[in-house]
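So this block is structure.cif, mmCIF, C-alpha atoms:
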data_work
loop_
_atom_site.label_atom_id
_atom_site.label_comp_id
_atom_site.auth_asym_id
_atom_site.auth_seq_id
_atom_site.Cartn_x
_atom_site.Cartn_y
_atom_site.Cartn_z
CA MET B 1 125.80 140.67 80.43
CA LYS B 2 122.40 139.45 79.35
CA ILE B 3 120.97 136.27 80.89
CA GLU B 4 121.32 134.35 77.59
CA GLU B 5 125.06 135.10 77.54
CA LEU B 6 125.41 134.09 81.19
CA ARG B 7 123.61 130.81 80.52
CA LYS B 8 125.95 130.05 77.62
CA LYS B 9 128.83 130.61 80.02
CA ILE B 10 127.21 128.17 82.50
CA ASP B 11 126.81 125.61 79.68
CA CYS B 12 130.53 125.76 78.88
CA ILE B 13 131.43 125.34 82.55
CA ASP B 14 128.99 122.39 82.90
CA ASP B 15 130.57 120.68 79.88
CA GLU B 16 133.98 120.91 81.54
CA LEU B 17 132.62 119.89 84.97
CA SER B 18 130.92 116.77 83.61
CA LYS B 19 134.09 115.65 81.82
CA LEU B 20 136.17 116.18 84.95
CA TYR B 21 133.56 114.42 87.12
CA VAL B 22 133.58 111.32 84.89
CA GLU B 23 137.40 111.37 84.91
CA ARG B 24 137.41 111.67 88.72
CA MET B 25 135.02 108.72 89.06
CA SER B 26 137.24 106.63 86.76
CA VAL B 27 140.22 107.30 89.01
CA SER B 28 138.04 106.66 92.06
CA LYS B 29 137.17 103.25 90.59
CA GLN B 30 140.87 102.41 90.21
CA ILE B 31 141.46 103.41 93.83
CA GLY B 32 138.48 101.25 94.84
CA GLU B 33 139.99 98.26 93.04
CA VAL B 34 143.27 98.75 94.93
CA LYS B 35 141.38 99.06 98.24
CA ALA B 36 139.42 95.87 97.51
CA ARG B 37 142.56 93.96 96.50
CA GLU B 38 144.53 95.11 99.56
CA HIS B 39 141.54 94.92 101.96
CA LEU B 40 141.72 98.63 102.76
CA PRO B 41 138.69 100.53 104.13
CA VAL B 42 136.51 102.44 101.66
CA ASN B 43 135.92 105.32 104.07
CA VAL B 44 139.00 107.42 104.88
CA SER B 45 137.83 110.52 106.75
CA LYS B 46 141.27 112.12 107.03
CA ARG B 47 141.69 112.05 103.26
CA GLU B 48 138.31 113.80 102.81
CA ASN B 49 139.19 116.46 105.41
CA ASP B 50 142.54 117.10 103.72
CA ILE B 51 140.85 117.59 100.34
CA LEU B 52 138.28 119.99 101.78
CA ALA B 53 140.95 122.01 103.57
CA ARG B 54 142.93 122.34 100.32
CA ILE B 55 140.12 123.24 97.92
CA CYS B 56 138.48 125.73 100.31
CA LYS B 57 141.61 127.89 100.60
CA GLY B 58 141.00 131.30 99.08
CA VAL B 59 137.31 130.65 98.40
CA ASP B 60 134.88 133.44 99.29
CA GLU B 61 133.12 132.87 102.61
CA ASP B 62 129.66 132.95 101.02
CA LYS B 63 130.60 130.03 98.72
CA ILE B 64 132.54 127.72 101.08
CA ILE B 65 129.46 126.01 102.53
CA TYR B 66 128.15 125.22 99.03
CA LEU B 67 131.54 123.90 97.94
CA LYS B 68 131.65 121.68 101.04
CA GLN B 69 128.14 120.34 100.34
CA LEU B 70 129.12 119.57 96.76
CA TYR B 71 132.23 117.66 97.80
CA ASP B 72 130.41 115.81 100.58
CA GLU B 73 128.13 114.47 97.84
CA ILE B 74 131.07 113.68 95.54
CA PHE B 75 132.82 111.80 98.38
CA LEU B 76 129.62 109.85 99.06
CA GLN B 77 129.19 108.90 95.41
CA SER B 78 132.84 107.85 95.16
CA LYS B 79 132.52 105.63 98.26
CA ASN B 80 129.30 104.09 96.95
CA TYR B 81 131.05 103.35 93.65
CA GLN B 82 134.04 101.82 95.42
CA SER B 83 131.78 99.74 97.69
CA SER B 84 130.04 98.28 94.62
CA LEU B 85 133.38 96.78 93.52
CA ARG B 86 133.66 94.54 96.58
CA GLU B 87 131.55 92.17 98.63
CA GLU B 88 131.05 93.75 102.02
CA SER B 89 130.24 91.62 105.05
CA SER B 90 128.81 92.02 108.54
CA PRO B 91 127.24 89.60 111.04
CA THR B 92 123.73 90.30 109.74
CA VAL B 93 124.68 90.12 106.06
CA ASN B 94 126.51 86.84 106.65
CA LYS B 95 123.34 85.49 108.27
CA ILE B 96 121.22 86.68 105.34
CA ARG B 97 123.58 85.04 102.85
CA GLU B 98 123.37 81.81 104.86
CA VAL B 99 119.56 81.87 104.74
CA LEU B 100 119.59 82.68 101.02
CA SER B 101 121.92 79.73 100.33
CA ASP B 102 119.03 77.38 101.13
CA GLU B 103 116.11 76.90 98.76
CA ARG B 104 113.53 79.65 99.24
CA LYS B 105 110.17 78.31 100.44
CA SER B 106 106.64 79.59 99.91
CA PHE B 107 104.86 81.31 102.79
CA PRO B 108 103.15 78.65 104.98
CA ILE B 109 99.39 78.05 104.78
CA SER B 110 98.93 77.20 108.47
CA ALA B 111 100.52 78.21 111.78
CA THR B 112 99.99 79.02 115.45
CA ILE B 113 99.60 82.78 115.70
CA ALA B 114 99.71 85.36 118.49
CA CYS B 115 97.41 88.41 118.28
CA GLN B 116 96.51 91.22 120.64
CA GLY B 117 92.94 91.54 121.97
CA VAL B 118 90.15 88.96 121.89
CA GLU B 119 88.29 87.06 119.17
CA GLY B 120 86.96 89.44 116.57
CA ALA B 121 90.00 91.77 116.66
CA TYR B 122 91.26 93.20 113.37
CA SER B 123 94.64 91.50 114.00
CA GLY B 124 92.81 88.16 113.96
CA MET B 125 91.14 89.12 110.67
CA ALA B 126 94.57 90.01 109.23
CA ALA B 127 95.94 86.64 110.40
CA LYS B 128 93.13 84.84 108.61
CA HIS B 129 93.96 86.70 105.41
CA LEU B 130 97.64 85.78 105.74
CA PHE B 131 97.12 82.09 106.60
CA GLN B 132 94.54 79.67 105.23
CA ILE B 133 94.45 77.68 108.47
CA THR B 134 94.91 79.53 111.76
CA ASP B 135 95.29 78.60 115.41
CA ILE B 136 95.14 82.00 117.12
CA THR B 137 96.01 82.79 120.72
CA TYR B 138 95.01 86.25 121.94
CA PHE B 139 97.09 88.30 124.37
CA LYS B 140 96.09 91.32 126.41
CA ASN B 141 98.69 93.68 124.95
CA PHE B 142 101.24 94.03 122.15
CA GLU B 143 104.13 93.02 124.41
CA GLY B 144 102.38 89.71 125.05
CA VAL B 145 102.46 89.05 121.30
CA PHE B 146 106.18 89.84 121.05
CA ASN B 147 106.94 87.66 124.08
CA ALA B 148 104.93 84.72 122.70
CA VAL B 149 106.85 84.82 119.41
CA GLU B 150 110.25 85.50 120.99
CA LYS B 151 109.87 82.53 123.37
CA GLY B 152 108.54 80.21 120.65
CA LEU B 153 105.07 79.82 122.20
CA CYS B 154 103.57 80.71 118.80
CA ASP B 155 105.06 80.33 115.32
CA TYR B 156 104.12 83.86 114.28
CA GLY B 157 102.63 87.08 115.61
CA VAL B 158 100.42 89.56 113.76
CA LEU B 159 100.54 93.22 114.82
CA PRO B 160 99.19 96.53 113.45
CA ILE B 161 101.97 98.94 112.56
CA GLU B 162 100.33 101.87 110.80
CA ASN B 163 96.98 103.23 109.66
CA SER B 164 96.34 105.40 106.61
CA THR B 165 94.32 107.87 108.72
CA ALA B 166 95.73 107.73 112.26
CA GLY B 167 99.38 107.09 111.34
CA SER B 168 101.91 104.81 113.04
CA VAL B 169 101.04 102.53 115.96
CA LEU B 170 103.79 103.97 118.15
CA PRO B 171 103.64 101.38 121.00
CA VAL B 172 104.52 98.69 118.43
CA TYR B 173 107.49 100.72 117.15
CA ASP B 174 108.75 101.18 120.70
CA LEU B 175 108.50 97.44 121.40
CA MET B 176 110.36 96.69 118.16
CA LYS B 177 113.50 98.19 119.76
CA LYS B 178 113.17 95.85 122.73
CA HIS B 179 112.43 92.41 121.24
CA ASN B 180 114.22 90.02 118.90
CA PHE B 181 112.11 89.16 115.86
CA TYR B 182 111.92 89.29 112.05
CA ILE B 183 109.13 90.47 109.76
CA VAL B 184 108.24 87.67 107.33
CA LYS B 185 105.17 89.17 105.64
CA SER B 186 102.84 92.15 105.81
CA ILE B 187 99.32 92.93 104.68
CA ARG B 188 97.20 96.02 104.14
CA LEU B 189 93.68 95.40 105.38
CA PRO B 190 90.73 97.73 104.62
CA ILE B 191 89.22 98.91 107.91
CA ASN B 192 85.49 99.63 108.01
CA HIS B 193 84.26 100.52 111.47
CA CYS B 194 80.70 100.46 112.70
CA LEU B 195 79.00 101.79 115.82
CA ALA B 196 77.36 98.89 117.66
CA ALA B 197 75.29 98.59 120.85
CA LYS B 198 73.01 96.11 122.66
CA GLU B 199 69.97 98.36 122.34
CA PRO B 200 70.29 100.57 119.26
CA ASN B 201 67.10 102.53 119.95
CA LYS B 202 68.10 103.58 123.48
CA LYS B 203 70.36 106.50 124.36
CA ILE B 204 74.06 105.61 124.18
CA THR B 205 75.90 106.75 127.32
CA LYS B 206 79.49 106.18 126.17
CA ILE B 207 81.51 105.04 123.16
CA ILE B 208 84.50 102.74 123.66
CA THR B 209 87.10 101.48 121.20
CA HIS B 210 90.85 101.26 120.59
CA GLU B 211 92.81 104.54 120.57
CA GLN B 212 93.60 104.14 116.86
CA ALA B 213 89.89 103.76 116.07
CA LEU B 214 89.19 106.87 118.14
CA MET B 215 91.52 108.82 115.84
CA GLN B 216 90.11 107.21 112.69
CA CYS B 217 86.54 108.11 113.72
CA ALA B 218 87.22 111.43 115.46
CA GLU B 219 84.83 113.53 113.36
CA PHE B 220 82.00 111.00 113.65
CA ILE B 221 82.41 110.77 117.43
CA LYS B 222 82.43 114.55 117.72
CA LYS B 223 79.11 114.76 115.87
CA THR B 224 77.47 112.24 118.21
CA GLY B 225 78.27 114.37 121.25
CA VAL B 226 78.79 111.15 123.25
CA PRO B 227 81.94 110.84 125.41
CA ALA B 228 84.45 108.30 124.10
CA THR B 229 87.08 106.26 125.92
CA ALA B 230 89.99 104.14 124.68
CA VAL B 231 90.25 100.45 125.60
CA GLU B 232 92.80 97.77 124.64
CA ASN B 233 91.18 96.68 121.39
CA THR B 234 88.10 97.13 119.18
CA ALA B 235 87.03 93.54 119.89
CA VAL B 236 87.54 94.10 123.63
CA ALA B 237 85.28 97.13 123.25
CA ALA B 238 82.58 94.99 121.64
CA GLN B 239 82.91 92.37 124.39
CA MET B 240 82.68 95.05 127.09
CA ALA B 241 79.61 96.64 125.46
CA ALA B 242 77.92 93.25 125.29
CA ASN B 243 78.57 92.58 128.99
CA SER B 244 77.78 96.06 130.30
CA GLU B 245 74.57 96.89 132.13
CA GLU B 246 74.67 100.36 130.56
CA ASN B 247 73.92 100.97 126.90
CA ILE B 248 77.57 101.44 125.93
CA ALA B 249 78.41 101.49 122.21
CA ALA B 250 81.54 100.02 120.66
CA ILE B 251 83.33 101.02 117.49
CA CYS B 252 84.43 97.77 115.87
CA SER B 253 83.96 95.74 112.68
CA VAL B 254 80.51 94.55 111.61
CA ASP B 255 81.66 90.91 111.97
CA CYS B 256 82.86 91.64 115.49
CA ALA B 257 79.50 93.24 116.39
CA LYS B 258 77.72 90.11 115.19
CA LEU B 259 80.12 87.90 117.13
CA TYR B 260 79.13 89.60 120.39
CA ASN B 261 75.42 89.88 119.51
CA LEU B 262 75.46 93.66 119.21
CA SER B 263 73.19 95.59 116.86
CA VAL B 264 74.81 97.82 114.27
CA VAL B 265 73.68 101.41 114.88
CA GLU B 266 75.64 102.85 111.96
CA GLU B 267 78.12 101.45 109.45
CA ASN B 268 81.27 103.02 107.95
CA VAL B 269 81.79 105.53 110.74
CA GLN B 270 85.49 106.09 109.91
CA ASP B 271 86.20 109.63 108.73
CA ALA B 272 88.13 108.62 105.58
CA ASP B 273 86.58 106.54 102.82
CA PHE B 274 89.96 105.00 102.08
CA ASN B 275 90.97 103.63 105.48
CA PHE B 276 93.39 100.73 105.80
CA THR B 277 95.74 99.35 108.44
CA ARG B 278 99.05 97.69 107.70
CA PHE B 279 99.80 94.58 109.76
CA ILE B 280 103.16 92.83 110.06
CA CYS B 281 103.65 89.11 110.58
CA ILE B 282 106.68 88.39 112.80
CA SER B 283 108.82 85.33 113.55
CA ASN B 284 111.64 84.62 116.00
CA LYS B 285 113.73 83.21 113.12
CA LEU B 286 115.08 84.91 110.02
CA ARG B 287 112.95 83.56 107.19
CA ILE B 288 112.95 84.96 103.65
CA PHE B 289 110.12 83.46 101.63
CA LYS B 290 109.62 83.46 97.87
CA GLY B 291 108.54 86.77 96.40
CA ALA B 292 110.12 88.91 99.15
CA ASP B 293 110.61 92.40 97.72
CA LYS B 294 110.41 94.68 100.74
CA ILE B 295 112.97 95.25 103.50
CA SER B 296 112.75 96.86 106.94
CA VAL B 297 115.66 98.01 109.11
CA MET B 298 116.24 100.13 112.20
CA THR B 299 119.40 102.11 112.88
CA ALA B 300 120.69 104.95 115.02
CA LEU B 301 122.37 107.91 113.35
CA GLU B 302 125.00 110.30 114.64
CA HIS B 303 123.56 113.49 116.15
CA LYS B 304 125.14 115.82 113.63
CA VAL B 305 124.13 117.91 110.63
CA GLY B 306 123.56 115.91 107.44
CA SER B 307 123.65 112.39 108.91
CA LEU B 308 120.13 111.51 107.72
CA ASN B 309 120.68 113.17 104.35
CA THR B 310 123.86 111.13 103.86
CA LEU B 311 121.99 107.92 104.55
CA LEU B 312 119.11 108.83 102.25
CA SER B 313 121.63 109.51 99.49
CA ARG B 314 122.87 105.94 99.85
CA PHE B 315 119.35 104.65 99.18
CA TYR B 316 119.02 106.96 96.19
CA THR B 317 122.34 105.84 94.72
CA GLN B 318 121.26 102.20 94.95
CA GLY B 319 117.93 103.02 93.28
CA LEU B 320 115.98 101.92 96.37
CA ASN B 321 112.48 103.31 96.87
CA LEU B 322 111.86 104.30 100.50
CA THR B 323 108.22 103.68 101.46
CA LYS B 324 108.40 104.48 105.19
CA LEU B 325 110.59 106.53 107.50
CA GLU B 326 109.77 106.69 111.22
CA SER B 327 111.89 108.02 114.08
CA ARG B 328 111.56 107.06 117.74
CA PRO B 329 113.63 108.42 120.65
CA VAL B 330 116.15 106.14 122.34
CA GLY B 331 115.12 105.85 125.99
CA GLY B 332 117.46 107.46 128.51
CA ARG B 333 119.52 109.33 125.90
CA ASP B 334 119.02 112.96 124.96
CA PHE B 335 118.62 113.76 121.29
CA GLU B 336 119.27 110.20 120.09
CA PHE B 337 116.81 108.52 117.79
CA MET B 338 116.30 105.15 116.16
CA PHE B 339 115.16 105.44 112.55
CA TYR B 340 112.87 102.82 111.04
CA PHE B 341 113.08 102.36 107.24
CA ASP B 342 110.87 100.40 104.87
CA PHE B 343 112.13 100.18 101.31
CA GLU B 344 111.61 98.12 98.19
CA GLY B 345 114.48 95.98 96.97
CA ASP B 346 115.86 92.54 96.21
CA VAL B 347 117.72 91.24 99.26
CA GLU B 348 119.91 89.10 96.97
CA SER B 349 121.31 92.23 95.28
CA LYS B 350 125.03 92.71 95.91
CA GLY B 351 124.65 96.48 96.19
CA LEU B 352 121.82 96.19 98.70
CA LEU B 353 123.74 93.70 100.85
CA ASN B 354 126.77 96.00 100.75
CA LEU B 355 124.55 98.86 101.95
CA LEU B 356 123.21 96.75 104.84
CA ALA B 357 126.75 95.70 105.78
CA ASP B 358 127.93 99.30 105.77
CA LEU B 359 124.96 100.40 107.91
CA GLU B 360 125.69 97.68 110.47
CA ASN B 361 129.45 98.26 110.53
CA SER B 362 129.03 102.01 111.02
CA SER B 363 126.39 101.88 113.79
CA ASP B 364 126.23 100.14 117.15
CA LYS B 365 122.43 100.09 116.92
CA PHE B 366 121.59 98.50 113.58
CA VAL B 367 118.73 95.97 113.40
CA PHE B 368 117.70 94.07 110.26
CA LEU B 369 113.96 93.51 110.67
CA GLY B 370 113.34 91.33 107.66
CA SER B 371 112.83 90.86 103.93
CA TYR B 372 109.26 90.01 103.03
CA LYS B 373 106.30 90.34 100.64
CA GLU B 374 103.46 92.77 101.32
CA THR B 375 99.95 91.70 100.36
CA ILE B 376 97.49 94.39 99.35
#
Mind converting the file's structure to structure tokens?
Amino acid sequence: MKIEELRKKIDCIDDELSKLYVERMSVSKQIGEVKAREHLPVNVSKRENDILARICKGVDEDKIIYLKQLYDEIFLQSKNYQSSLREESSPTVNKIREVLSDERKSFPISATIACQGVEGAYSGMAAKHLFQITDITYFKNFEGVFNAVEKGLCDYGVLPIENSTAGSVLPVYDLMKKHNFYIVKSIRLPINHCLAAKEPNKKITKIITHEQALMQCAEFIKKTGVPATAVENTAVAAQMAANSEENIAAICSVDCAKLYNLSVVEENVQDADFNFTRFICISNKLRIFKGADKISVMTALEHKVGSLNTLLSRFYTQGLNLTKLESRPVGGRDFEFMFYFDFEGDVESKGLLNLLADLENSSDKFVFLGSYKETI
């Protein structure tokens, strides 16, 4: 047969398949209504296994795997449809609904804030963009920021989470699994590094900066031929360069160089013209301010084929746009990972809350990190 004739045959089959699919979903809806009325679970694994065993009988070996994949997707769509007919609940979703029952407030204009580093750090600059009035306390490391917020020593903490050039700030992701907090806002801040030293006309013996800045300026540093070392923070680097007896150079912001009386040797030393860092603002209380349209969660998935694909299909079915997916290993457990998701969505949506409830009820490691607005 010619390809045109074969395609006509496919068209006829597709017409029948689509009619049968719509009919199946209509029956699935009726079953979902019965389940909702009688408080029966949406997911019934035995029923799915029985269907697969029946329909795969007599099917050629080379087609069984494709038939199984098709029906896995059909089962998922049916369960999503049935879930949309009811109001799912979980401890986290109940807490979200409780917060949403109160009048939503605007993001505050002033607060006490925890940041990592010293005065002049980019986290401090991000805090000043987020709040009109700031009372910032600096801590030596990221864990100090989490501890200060968790214990209520500061109202909020501001932390870098990813850079457009150097990628994710992995130590922050690892600490996110350990501490109790909620993201209440985020901001993308343009990062323009400079090379600064006490004596710009003398030979520079060493370059110091934060490890993220080292990655963002790798090509520039390579061209200088000067050895470079990572320190806790770009502002710490500027402070160290100012106090050193050697002519050490720091990679930091121009404002930070001025703060520590360093001379700018060269501006815009980052390798990419478009270089920004995303900072999150965290709280020890679940707060959902006006305008929140982004959500972050962490969850562990089963170590089996298709588990991530199944979850991603849930986001697709709900029309949710994933903007970030990061995986981090679970300490002390082989081949187990926590997945971090950022996605756009209205936290008041019934379908979205049902998805969150299902994620929590099906995993012993689900964490809702917050619903918030991102400033660009």
Discussion item. Applying the PyMOL selection byres ((chain B and resi 241-250) around 9) to the file I just gave you, which residues come out? Please list them as a PyMOL selection string.
Written reply: chain B and resi 194-200+202-209+234-240+251-252+257+260-262+265
Dump as a short mmCIF file (atom, residue, chain, number, x, y, z; two decimals), in the coordinates of the input, selection limited to C-alpha atoms:
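The resulting out07.cif:
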data_model
loop_
_atom_site.label_atom_id
_atom_site.label_comp_id
_atom_site.auth_asym_id
_atom_site.auth_seq_id
_atom_site.Cartn_x
_atom_site.Cartn_y
_atom_site.Cartn_z
CA CYS B 194 80.70 100.46 112.70
CA LEU B 195 79.00 101.79 115.82
CA ALA B 196 77.36 98.89 117.66
CA ALA B 197 75.29 98.59 120.85
CA LYS B 198 73.01 96.11 122.66
CA GLU B 199 69.97 98.36 122.34
CA PRO B 200 70.29 100.57 119.26
CA LYS B 202 68.10 103.58 123.48
CA LYS B 203 70.36 106.50 124.36
CA ILE B 204 74.06 105.61 124.18
CA THR B 205 75.90 106.75 127.32
CA LYS B 206 79.49 106.18 126.17
CA ILE B 207 81.51 105.04 123.16
CA ILE B 208 84.50 102.74 123.66
CA THR B 209 87.10 101.48 121.20
CA THR B 234 88.10 97.13 119.18
CA ALA B 235 87.03 93.54 119.89
CA VAL B 236 87.54 94.10 123.63
CA ALA B 237 85.28 97.13 123.25
CA ALA B 238 82.58 94.99 121.64
CA GLN B 239 82.91 92.37 124.39
CA MET B 240 82.68 95.05 127.09
CA ILE B 251 83.33 101.02 117.49
CA CYS B 252 84.43 97.77 115.87
CA ALA B 257 79.50 93.24 116.39
CA TYR B 260 79.13 89.60 120.39
CA ASN B 261 75.42 89.88 119.51
CA LEU B 262 75.46 93.66 119.21
CA VAL B 265 73.68 101.41 114.88
#
Item to complete: Starting from the shown file, work through the PyMOL selection byres ((chain B and resi 336-346) around 9) and note down what comes out as a VMD selection string.
Response: chain B and resid 173 177 292 to 303 315 319 to 331 333 to 335 347 to 349 352 365 to 366 371
Could the residues in this selection be saved with C-alpha atoms as an mmCIF file, keeping the file's coordinate frame?
data_model
loop_
_atom_site.group_PDB
_atom_site.id
_atom_site.type_symbol
_atom_site.label_atom_id
_atom_site.label_comp_id
_atom_site.auth_asym_id
_atom_site.auth_seq_id
_atom_site.Cartn_x
_atom_site.Cartn_y
_atom_site.Cartn_z
ATOM 1 C CA TYR B 173 107.490 100.720 117.150
ATOM 2 C CA LYS B 177 113.500 98.190 119.760
ATOM 3 C CA ALA B 292 110.120 88.910 99.150
ATOM 4 C CA ASP B 293 110.610 92.400 97.720
ATOM 5 C CA LYS B 294 110.410 94.680 100.740
ATOM 6 C CA ILE B 295 112.970 95.250 103.500
ATOM 7 C CA SER B 296 112.750 96.860 106.940
ATOM 8 C CA VAL B 297 115.660 98.010 109.110
ATOM 9 C CA MET B 298 116.240 100.130 112.200
ATOM 10 C CA THR B 299 119.400 102.110 112.880
ATOM 11 C CA ALA B 300 120.690 104.950 115.020
ATOM 12 C CA LEU B 301 122.370 107.910 113.350
ATOM 13 C CA GLU B 302 125.000 110.300 114.640
ATOM 14 C CA HIS B 303 123.560 113.490 116.150
ATOM 15 C CA PHE B 315 119.350 104.650 99.180
ATOM 16 C CA GLY B 319 117.930 103.020 93.280
ATOM 17 C CA LEU B 320 115.980 101.920 96.370
ATOM 18 C CA ASN B 321 112.480 103.310 96.870
ATOM 19 C CA LEU B 322 111.860 104.300 100.500
ATOM 20 C CA THR B 323 108.220 103.680 101.460
ATOM 21 C CA LYS B 324 108.400 104.480 105.190
ATOM 22 C CA LEU B 325 110.590 106.530 107.500
ATOM 23 C CA GLU B 326 109.770 106.690 111.220
ATOM 24 C CA SER B 327 111.890 108.020 114.080
ATOM 25 C CA ARG B 328 111.560 107.060 117.740
ATOM 26 C CA PRO B 329 113.630 108.420 120.650
ATOM 27 C CA VAL B 330 116.150 106.140 122.340
ATOM 28 C CA GLY B 331 115.120 105.850 125.990
ATOM 29 C CA ARG B 333 119.520 109.330 125.900
ATOM 30 C CA ASP B 334 119.020 112.960 124.960
ATOM 31 C CA PHE B 335 118.620 113.760 121.290
ATOM 32 C CA VAL B 347 117.720 91.240 99.260
ATOM 33 C CA GLU B 348 119.910 89.100 96.970
ATOM 34 C CA SER B 349 121.310 92.230 95.280
ATOM 35 C CA LEU B 352 121.820 96.190 98.700
ATOM 36 C CA LYS B 365 122.430 100.090 116.920
ATOM 37 C CA PHE B 366 121.590 98.500 113.580
ATOM 38 C CA SER B 371 112.830 90.860 103.930
#
Practice prompt. May I ask for the distance between atom CA of B:Glu48 and atom CA of B:Ile31, given in Å to one decimal place?
Written response: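 About the pair atom CA of B:Glu48 and atom CA of B:Ile31: they are 14.1 Å apart.
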Worksheet item: Applied to this file, what does the PyMOL selection byres ((chain B and resi 145) around 10) return in terms of residues, put as a list in words?
Response: Ile113, Ala114, Cys115, Gln116, Gly117, Thr137, Tyr138, Phe139, Lys140, Asn141, Phe142, Glu143, Gly144, Phe146, Asn147, Ala148, Val149, Glu150, Leu153, Cys154, Tyr156, Gly157, Val158, Leu159 and Ile282 of chain B
Worksheet entry | Test item: residues at most 6 Å from B:Ile183, only C-alpha atoms, excluding those fewer than 3 positions along its chain, as number ranges by chain | B: 281-282, 369-370
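Of the listed residues (B:Asn49, B:Ser89, B:Ser313, B:Ser253), B:Ser253 comes nearest to B:Ser123; the distances count all atoms listed in the file.
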Fill in: Nearest-residue call for B:Ser263, choices B:Asn201, B:Met176, B:Arg104, B:Val305, using all atoms listed in the file
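Looking only at the distances to B:Ser263, the closest residue turns out to be B:Asn201.
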Fill in: Distance of atom CA of B:Lys128 from atom CA of B:Glu266, expressed in Å to one decimal place
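It comes out at 25.3 Å.
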